[in-house]
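In what follows, a structure is listed as structure tokens, so that the remarks can point back to it.
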Amino acid sequence: MKYERLFRHDASMPNVPNIKSILGLLEPYDPGSFPEDIAVRYGIPKEAVVNLASNESPYPPPKSLIRKVAKELERVNRYPNPSYRRLKTAISEYVGLPPERVAVGNGSSDLIDLSCKITLSPLEKVVLPIPTYALYMLSSMVWEASITYVDTEDSNFTVKAERMMPHLKDARLVFIGSPSNPTGMSVDKEELGEMLKSTDATFLVDEAYFEFSGMTMAELLENHDNLIIIRSMSKYFCLAGLRVGYALSNPTIIQSLEKVRLPFNINNLAGTAAIQALKNIDYFRKLGQKIISERILLKKELETTGLKLFPSDANFLMAKLPEGYDADEFTQELASQGIIIRSLKNILGLSGQYVRVTVGTRQENRRLTGACKTILSEHVRHP
Ligand SMILES: Cc1ncc(COP(=O)(O)O)c(C=O)c1O
């Protein structure tokens, strides 16, 4: 039952010669609902729909960045320079590591896929603490890897070295989100150091949301050659629609990623936007602070509605529904009111009914809290 989403056999997919049979078992990545779909489904104007499902920033990037990107449109007849030297230099200055330790990707999703490409062959072992981001499983399974899941629900969703270590010896690749999606929990640096030391397995530590936590594992790169850190420009830097991410690792792993990525994987508009974003860091720091303050407030407000909230280091919150409530139904009820959140029903590693909400603007968060209050109080009256 729990495996339903990823492993539903697609009976409509006939056995076509030469197509990997694993693809008959996999579901495509589920991106959740989009405002235009909800607007049509419930007859709501698109502008009235609030999207709190994809962990995007509710704010646009600065006007100066948008102008530079618009200017870049004038040269779209040209390919990007595939060395991405300017972008890598900007990232290198931001992270304080030399450019040889930086690879760039079409969103951090690209780097998840590329990391599997450079490490995995069929039947090799991937270790995943769960619940976790579905793309780790999908990308690993395309390589026909064998996945070992390590539960974290009974350790308050923290990834513990003690729990992980028995599975690491013969592992090839280990994915750890920090902060993790959907839990919002960061890994402890010492625990990670202990795990890295104990094995030759490569660790992909996904820091897509690290700026909201103020915590990074990057200093472990110095002493551990089996570590890849990936980051995203989609969240803190408000560029989800343009697709830029980067990886930090040792020069050999970086060169390997360079060998397998497609030659022009970041388009010129995205590259320009990312460079401009890093030049405007103060703008994003202010927004980041605002989102963190809103997260604290939203957590408190949602706690008054009957939901159980979990601590979060990211720009989203995971919540458990009261007994007897169904995450899909709850999510649908909110969608009918023009509020999109993510149901975590059937997500591996979650035994109850959970949902995930992105921190939006004050006004969006107020709408969410108000709607949750109404739905849950009605439920209490008519269980
Ligand atoms: C943990 C995590 N990693 C990676 C991604 C992919 O982000 P992007 O490809 O936009 O950089 C996401 C997106 O939601 C995520 O939650």
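Residue numbers start at 1 in each chain; chains themselves are named A, B, ... in the order of the structure tokens; ligands are numbered from 1 in the order shown.
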Site check for ligand 1: residues at most 7 Å away, only C-alpha atoms and all ligand atoms, as a list in words: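 Using only C-alpha atoms and all ligand atoms, everything at most 7 Å from ligand 1 comes to Ser54, Asn55, Asn106, Gly107, Ser108, Ser109, Asp110, Tyr133, Gly177, Ser180, Asn181, Asp206, Ala208, Arg231, Ser232, Met233, Ser234, Ala240, Arg243, Val244 and Gly245 of chain A.
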Using DSSP on the backbone coordinates, identify the residues of stretch 139-258 of chain A assigned to alpha helix (DSSP H); present them as an MDAnalysis selection string. chainID A and resid 139:142 161:164 189:197 210:213 251:258
Residue selection dump (C-alpha atoms) as a PDB file, in the first residue's frame:
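After the write, selection-v1.pdb holds the following:
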ATOM      1  CA  SER A 139      16.469   8.571 -10.253  1.00  0.00           C
ATOM      2  CA  SER A 140      18.005   5.562  -8.488  1.00  0.00           C
ATOM      3  CA  MET A 141      15.425   3.163  -9.823  1.00  0.00           C
ATOM      4  CA  VAL A 142      15.988   4.185 -13.415  1.00  0.00           C
ATOM      5  CA  ALA A 161      24.420   7.544  12.377  1.00  0.00           C
ATOM      6  CA  GLU A 162      23.720   4.574  14.642  1.00  0.00           C
ATOM      7  CA  ARG A 163      20.640   3.666  12.600  1.00  0.00           C
ATOM      8  CA  MET A 164      22.280   4.231   9.224  1.00  0.00           C
ATOM      9  CA  LYS A 189      27.091  17.659  11.303  1.00  0.00           C
ATOM     10  CA  GLU A 190      28.836  15.291  13.698  1.00  0.00           C
ATOM     11  CA  GLU A 191      26.466  12.452  12.892  1.00  0.00           C
ATOM     12  CA  LEU A 192      27.089  13.016   9.181  1.00  0.00           C
ATOM     13  CA  GLY A 193      30.855  13.139   9.735  1.00  0.00           C
ATOM     14  CA  GLU A 194      30.662   9.817  11.553  1.00  0.00           C
ATOM     15  CA  MET A 195      28.698   8.235   8.696  1.00  0.00           C
ATOM     16  CA  LEU A 196      31.069   9.605   6.035  1.00  0.00           C
ATOM     17  CA  LYS A 197      34.047   8.196   7.889  1.00  0.00           C
ATOM     18  CA  PHE A 210      19.967  25.295   3.481  1.00  0.00           C
ATOM     19  CA  GLU A 211      19.775  29.120   3.464  1.00  0.00           C
ATOM     20  CA  PHE A 212      16.591  28.945   5.554  1.00  0.00           C
ATOM     21  CA  SER A 213      18.419  26.859   8.150  1.00  0.00           C
ATOM     22  CA  PRO A 251      37.416  18.066  -8.247  1.00  0.00           C
ATOM     23  CA  THR A 252      37.273  14.419  -9.434  1.00  0.00           C
ATOM     24  CA  ILE A 253      33.549  14.091  -8.738  1.00  0.00           C
ATOM     25  CA  ILE A 254      32.962  17.543 -10.247  1.00  0.00           C
ATOM     26  CA  GLN A 255      34.814  16.514 -13.426  1.00  0.00           C
ATOM     27  CA  SER A 256      32.758  13.313 -13.577  1.00  0.00           C
ATOM     28  CA  LEU A 257      29.535  15.333 -13.333  1.00  0.00           C
ATOM     29  CA  GLU A 258      30.871  17.593 -16.091  1.00  0.00           C
TER      30      GLU A 258
END
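Among the candidates A:Leu287, A:Leu348, A:Val159, A:Ile118, the one nearest to A:Gly184 when counting only C-alpha atoms is A:Val159.
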- request: Please provide the set of residues having any atom within 10 Å of A:Arg356, restricted to only C-alpha atoms, with same-chain residues fewer than 2 positions apart removed, written as a count of residues only.
  value: 23
Subject >> Expected answer as a ChimeraX atom specification: strand (DSSP E) residues in stretch 81-294 of chain A >> reply: /A:102-105,125-130,146-151,173-177,202-206,227-232,245-248
Take the selection from the previous step and output its residues with N, CA and C atoms, as a CSV table (one decimal), in the first residue's frame.
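The resulting file, result32.csv, is reproduced below:
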chain,number,residue,atom,x,y,z
A,102,VAL,N,32.9,23.2,-8.1
A,102,VAL,CA,31.5,23.6,-8.4
A,102,VAL,C,31.1,23.0,-9.7
A,103,ALA,N,29.9,22.3,-9.7
A,103,ALA,CA,29.3,21.9,-11.0
A,103,ALA,C,27.9,22.6,-11.0
A,104,VAL,N,27.4,22.9,-12.2
A,104,VAL,CA,26.1,23.5,-12.3
A,104,VAL,C,25.1,22.6,-13.0
A,105,GLY,N,23.9,22.8,-12.7
A,105,GLY,CA,22.8,21.9,-13.3
A,105,GLY,C,21.5,22.6,-13.5
A,125,LYS,N,23.7,-0.7,-4.3
A,125,LYS,CA,22.8,-0.4,-3.2
A,125,LYS,C,22.7,1.1,-2.9
A,126,VAL,N,21.5,1.6,-2.8
A,126,VAL,CA,21.3,3.0,-2.4
A,126,VAL,C,20.6,3.0,-1.1
A,127,VAL,N,21.0,3.9,-0.2
A,127,VAL,CA,20.4,4.0,1.1
A,127,VAL,C,19.6,5.3,1.3
A,128,LEU,N,18.4,5.1,1.7
A,128,LEU,CA,17.5,6.3,1.8
A,128,LEU,C,16.9,6.4,3.2
A,129,PRO,N,17.2,7.3,4.0
A,129,PRO,CA,16.4,7.5,5.2
A,129,PRO,C,15.0,8.1,4.8
A,130,ILE,N,14.0,7.5,5.3
A,130,ILE,CA,12.6,8.0,4.9
A,130,ILE,C,11.8,8.5,6.0
A,146,SER,N,19.3,-1.1,-6.1
A,146,SER,CA,18.5,-1.8,-5.0
A,146,SER,C,18.5,-0.8,-3.8
A,147,ILE,N,17.3,-0.4,-3.4
A,147,ILE,CA,17.2,0.6,-2.4
A,147,ILE,C,16.9,0.0,-1.0
A,148,THR,N,17.7,0.5,-0.1
A,148,THR,CA,17.4,0.1,1.3
A,148,THR,C,16.8,1.4,2.0
A,149,TYR,N,15.7,1.2,2.6
A,149,TYR,CA,15.0,2.4,3.3
A,149,TYR,C,15.3,2.3,4.8
A,150,VAL,N,15.6,3.4,5.4
A,150,VAL,CA,15.9,3.5,6.8
A,150,VAL,C,14.8,4.4,7.5
A,151,ASP,N,14.0,3.9,8.3
A,151,ASP,CA,12.9,4.7,8.9
A,151,ASP,C,13.4,5.7,9.9
A,173,LEU,N,25.5,4.7,-2.9
A,173,LEU,CA,25.0,6.0,-2.8
A,173,LEU,C,24.0,6.2,-1.7
A,174,VAL,N,24.2,7.3,-0.9
A,174,VAL,CA,23.3,7.6,0.2
A,174,VAL,C,22.7,9.0,0.0
A,175,PHE,N,21.4,9.1,0.1
A,175,PHE,CA,20.8,10.5,-0.1
A,175,PHE,C,20.3,11.0,1.3
A,176,ILE,N,20.8,12.2,1.6
A,176,ILE,CA,20.3,12.8,2.9
A,176,ILE,C,19.9,14.3,2.6
A,177,GLY,N,18.6,14.6,2.9
A,177,GLY,CA,18.2,16.0,2.7
A,177,GLY,C,18.5,16.7,4.0
A,202,THR,N,29.2,7.0,-1.5
A,202,THR,CA,29.1,8.4,-1.8
A,202,THR,C,27.8,9.0,-1.2
A,203,PHE,N,27.9,10.1,-0.4
A,203,PHE,CA,26.8,10.7,0.2
A,203,PHE,C,26.4,11.9,-0.7
A,204,LEU,N,25.1,12.0,-1.1
A,204,LEU,CA,24.6,13.2,-1.7
A,204,LEU,C,23.8,13.9,-0.6
A,205,VAL,N,24.3,15.0,-0.1
A,205,VAL,CA,23.6,15.8,0.9
A,205,VAL,C,22.9,16.9,0.1
A,206,ASP,N,21.6,16.9,0.2
A,206,ASP,CA,20.8,17.8,-0.6
A,206,ASP,C,20.4,19.1,0.3
A,227,LEU,N,31.7,13.0,-0.5
A,227,LEU,CA,30.5,13.8,-0.2
A,227,LEU,C,30.2,14.7,-1.4
A,228,ILE,N,29.0,14.8,-1.8
A,228,ILE,CA,28.5,15.7,-2.8
A,228,ILE,C,27.4,16.6,-2.1
A,229,ILE,N,27.5,17.9,-2.2
A,229,ILE,CA,26.5,18.7,-1.7
A,229,ILE,C,25.8,19.4,-2.8
A,230,ILE,N,24.5,19.3,-2.9
A,230,ILE,CA,23.8,19.9,-4.0
A,230,ILE,C,22.9,21.0,-3.4
A,231,ARG,N,22.7,22.1,-4.2
A,231,ARG,CA,21.9,23.2,-3.7
A,231,ARG,C,21.1,23.7,-4.9
A,232,SER,N,20.1,24.5,-4.6
A,232,SER,CA,19.1,25.0,-5.6
A,232,SER,C,19.0,26.5,-5.5
A,245,GLY,N,20.7,24.9,-10.4
A,245,GLY,CA,21.2,24.3,-9.2
A,245,GLY,C,22.7,24.1,-9.3
A,246,TYR,N,23.3,23.8,-8.2
A,246,TYR,CA,24.8,23.5,-8.3
A,246,TYR,C,25.2,22.4,-7.3
A,247,ALA,N,26.4,21.8,-7.6
A,247,ALA,CA,26.9,20.8,-6.7
A,247,ALA,C,28.3,21.3,-6.2
A,248,LEU,N,28.6,20.9,-5.0
A,248,LEU,CA,29.9,21.2,-4.4
A,248,LEU,C,30.5,19.8,-4.1
(Q) Which residues are near A:Pro322? Cut-off 12 Å, only C-alpha atoms, ignore same chain within fewer than 5 positions. Put them as number ranges by chain. (A) A: 303, 305-309, 327, 330, 352-355, 372, 375-377, 379-380, 383
Write the residues of the selection above to a file with N, CA and C atoms, as an mmCIF file, in the first residue's frame.
data_model
loop_
_atom_site.group_PDB
_atom_site.id
_atom_site.type_symbol
_atom_site.label_atom_id
_atom_site.label_comp_id
_atom_site.auth_asym_id
_atom_site.auth_seq_id
_atom_site.Cartn_x
_atom_site.Cartn_y
_atom_site.Cartn_z
ATOM 1 N N GLU A 303 -0.926 25.493 14.817
ATOM 2 C CA GLU A 303 -1.051 24.658 16.021
ATOM 3 C C GLU A 303 -2.393 24.899 16.723
ATOM 4 N N THR A 305 -5.159 25.162 15.258
ATOM 5 C CA THR A 305 -6.270 24.613 14.470
ATOM 6 C C THR A 305 -6.511 23.131 14.747
ATOM 7 N N GLY A 306 -5.627 22.506 15.526
ATOM 8 C CA GLY A 306 -5.768 21.067 15.800
ATOM 9 C C GLY A 306 -4.732 20.238 15.066
ATOM 10 N N LEU A 307 -3.925 20.886 14.215
ATOM 11 C CA LEU A 307 -2.861 20.148 13.524
ATOM 12 C C LEU A 307 -1.674 19.993 14.456
ATOM 13 N N LYS A 308 -0.926 18.899 14.282
ATOM 14 C CA LYS A 308 0.336 18.761 15.021
ATOM 15 C C LYS A 308 1.471 19.166 14.071
ATOM 16 N N LEU A 309 2.215 20.197 14.483
ATOM 17 C CA LEU A 309 3.281 20.713 13.617
ATOM 18 C C LEU A 309 4.632 20.180 14.050
ATOM 19 N N ALA A 327 -5.534 12.678 4.681
ATOM 20 C CA ALA A 327 -4.697 13.748 4.108
ATOM 21 C C ALA A 327 -5.147 14.148 2.701
ATOM 22 N N PHE A 330 -8.457 16.136 3.061
ATOM 23 C CA PHE A 330 -8.174 17.446 3.663
ATOM 24 C C PHE A 330 -7.575 18.378 2.597
ATOM 25 N N GLY A 352 1.091 7.962 9.619
ATOM 26 C CA GLY A 352 -0.208 8.615 9.868
ATOM 27 C C GLY A 352 -0.649 9.437 8.674
ATOM 28 N N GLN A 353 -1.482 10.400 8.936
ATOM 29 C CA GLN A 353 -1.993 11.283 7.878
ATOM 30 C C GLN A 353 -1.280 12.633 7.986
ATOM 31 N N TYR A 354 -0.402 12.883 7.066
ATOM 32 C CA TYR A 354 0.425 14.090 7.115
ATOM 33 C C TYR A 354 0.204 14.958 5.876
ATOM 34 N N VAL A 355 0.472 16.234 6.035
ATOM 35 C CA VAL A 355 0.474 17.159 4.897
ATOM 36 C C VAL A 355 1.703 18.064 5.001
ATOM 37 N N CYS A 372 -8.049 26.005 7.514
ATOM 38 C CA CYS A 372 -7.781 24.808 8.335
ATOM 39 C C CYS A 372 -8.671 24.810 9.572
ATOM 40 N N ILE A 375 -12.253 23.824 8.563
ATOM 41 C CA ILE A 375 -12.393 22.402 8.193
ATOM 42 C C ILE A 375 -12.261 21.515 9.434
ATOM 43 N N LEU A 376 -11.252 21.797 10.265
ATOM 44 C CA LEU A 376 -11.002 20.907 11.403
ATOM 45 C C LEU A 376 -12.054 21.071 12.490
ATOM 46 N N SER A 377 -12.601 22.277 12.663
ATOM 47 C CA SER A 377 -13.616 22.413 13.710
ATOM 48 C C SER A 377 -14.908 21.747 13.254
ATOM 49 N N HIS A 379 -15.003 19.147 11.424
ATOM 50 C CA HIS A 379 -14.731 17.724 11.553
ATOM 51 C C HIS A 379 -14.937 17.274 13.002
ATOM 52 N N VAL A 380 -14.516 18.130 13.944
ATOM 53 C CA VAL A 380 -14.679 17.770 15.350
ATOM 54 C C VAL A 380 -16.174 17.694 15.690
ATOM 55 N N PRO A 383 -17.656 14.161 13.429
ATOM 56 C CA PRO A 383 -16.529 13.269 13.115
ATOM 57 C C PRO A 383 -16.966 12.129 12.182
#
**Item:** Nearest residue to A:Ser121 from the set A:Ile19, A:Ile347, A:Leu221, A:Ala171 (distances using only C-alpha atoms)
**Value:**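 Answer, going by the shortest atom-to-atom distance: A:Ala171.
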| field | Non-local contacts of A:Leu120 (8 Å; only C-alpha atoms; under 3 positions in same chain excluded) as a PyMOL selection string | value | chain A and resi 116-117+124+140+143+145+172-173
- Quick one: pull the distance between atom CA of A:Leu97 and atom CA of A:Gly241, Å, one decimal.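 Atom CA of A:Gly241 lies 26.6 Å from atom CA of A:Leu97.
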- Message: Under the rule that only C-alpha atoms are counted, which of A:Ala134, A:Ala277, A:Leu321, A:Val357 is the nearest residue to A:Ala90?
- Response: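 Of the candidates, the smallest distance to A:Ala90 is held by A:Ala277.
Of the residues listed (A:Ala371, A:Val69, A:Ile22, A:Val260), A:Ile22 shows the shortest atom-to-atom separation from A:Glu144; distances use only C-alpha atoms.
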Taken to one decimal, the atom CA of A:Gly324-atom CA of A:Glu378 distance is 12.9 Å
Selected residue of minimal separation from A:Thr374 among A:Met215, A:Leu297, A:Ile339, A:Leu334, counting only C-alpha atoms:
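Using only C-alpha atoms, the shortest distance to A:Thr374 belongs to A:Leu334.
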Nearby residues (only C-alpha atoms) at most 9 Å from A:Ala273, same-chain spacing under 4 positions excluded, as a list in words: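 So, after excluding close chain neighbours, the residues are Pro61, Leu65, Ile66, Lys68, Val69, Leu239, Leu242, Val244, Asn268, Leu269, Ala277 and Leu278 of chain A.
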With N, CA and C atoms retained, could you export that selection as a compact mmCIF listing (two decimals), in the first residue's frame?
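So result-v1.txt came out as:
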# COMPACT_ATOMS: atom_id res chain seq x y z
N PRO A 61 11.91 37.71 -8.00
CA PRO A 61 13.27 38.26 -7.83
C PRO A 61 13.27 39.77 -8.09
N LEU A 65 17.17 42.26 -11.79
CA LEU A 65 17.45 40.91 -12.32
C LEU A 65 16.54 40.63 -13.51
N ILE A 66 15.28 40.97 -13.36
CA ILE A 66 14.31 40.70 -14.43
C ILE A 66 14.70 41.47 -15.70
N LYS A 68 17.75 42.39 -16.60
CA LYS A 68 18.94 41.75 -17.20
C LYS A 68 18.53 40.48 -17.98
N VAL A 69 17.61 39.72 -17.41
CA VAL A 69 17.17 38.50 -18.08
C VAL A 69 16.43 38.87 -19.38
N LEU A 239 14.02 31.51 -8.06
CA LEU A 239 14.20 31.28 -9.50
C LEU A 239 13.68 29.91 -9.94
N LEU A 242 13.25 29.16 -13.62
CA LEU A 242 14.38 29.23 -14.56
C LEU A 242 15.31 28.02 -14.50
N VAL A 244 18.03 26.49 -12.00
CA VAL A 244 19.48 26.49 -11.75
C VAL A 244 19.76 25.83 -10.40
N ASN A 268 20.86 30.51 -21.26
CA ASN A 268 21.45 31.83 -20.99
C ASN A 268 20.61 32.69 -20.04
N LEU A 269 19.29 32.56 -20.12
CA LEU A 269 18.43 33.38 -19.25
C LEU A 269 18.62 32.93 -17.79
N ALA A 277 21.30 37.13 -9.24
CA ALA A 277 20.77 36.82 -7.89
C ALA A 277 21.91 36.88 -6.87
N LEU A 278 23.04 36.28 -7.23
CA LEU A 278 24.17 36.25 -6.28
C LEU A 278 24.76 37.64 -6.08
Pick from A:Ser336, A:Thr361, A:Thr272, A:Thr304, whichever lies nearest to A:Arg75 using only C-alpha atoms:
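The closest residue to A:Arg75 is A:Thr272.
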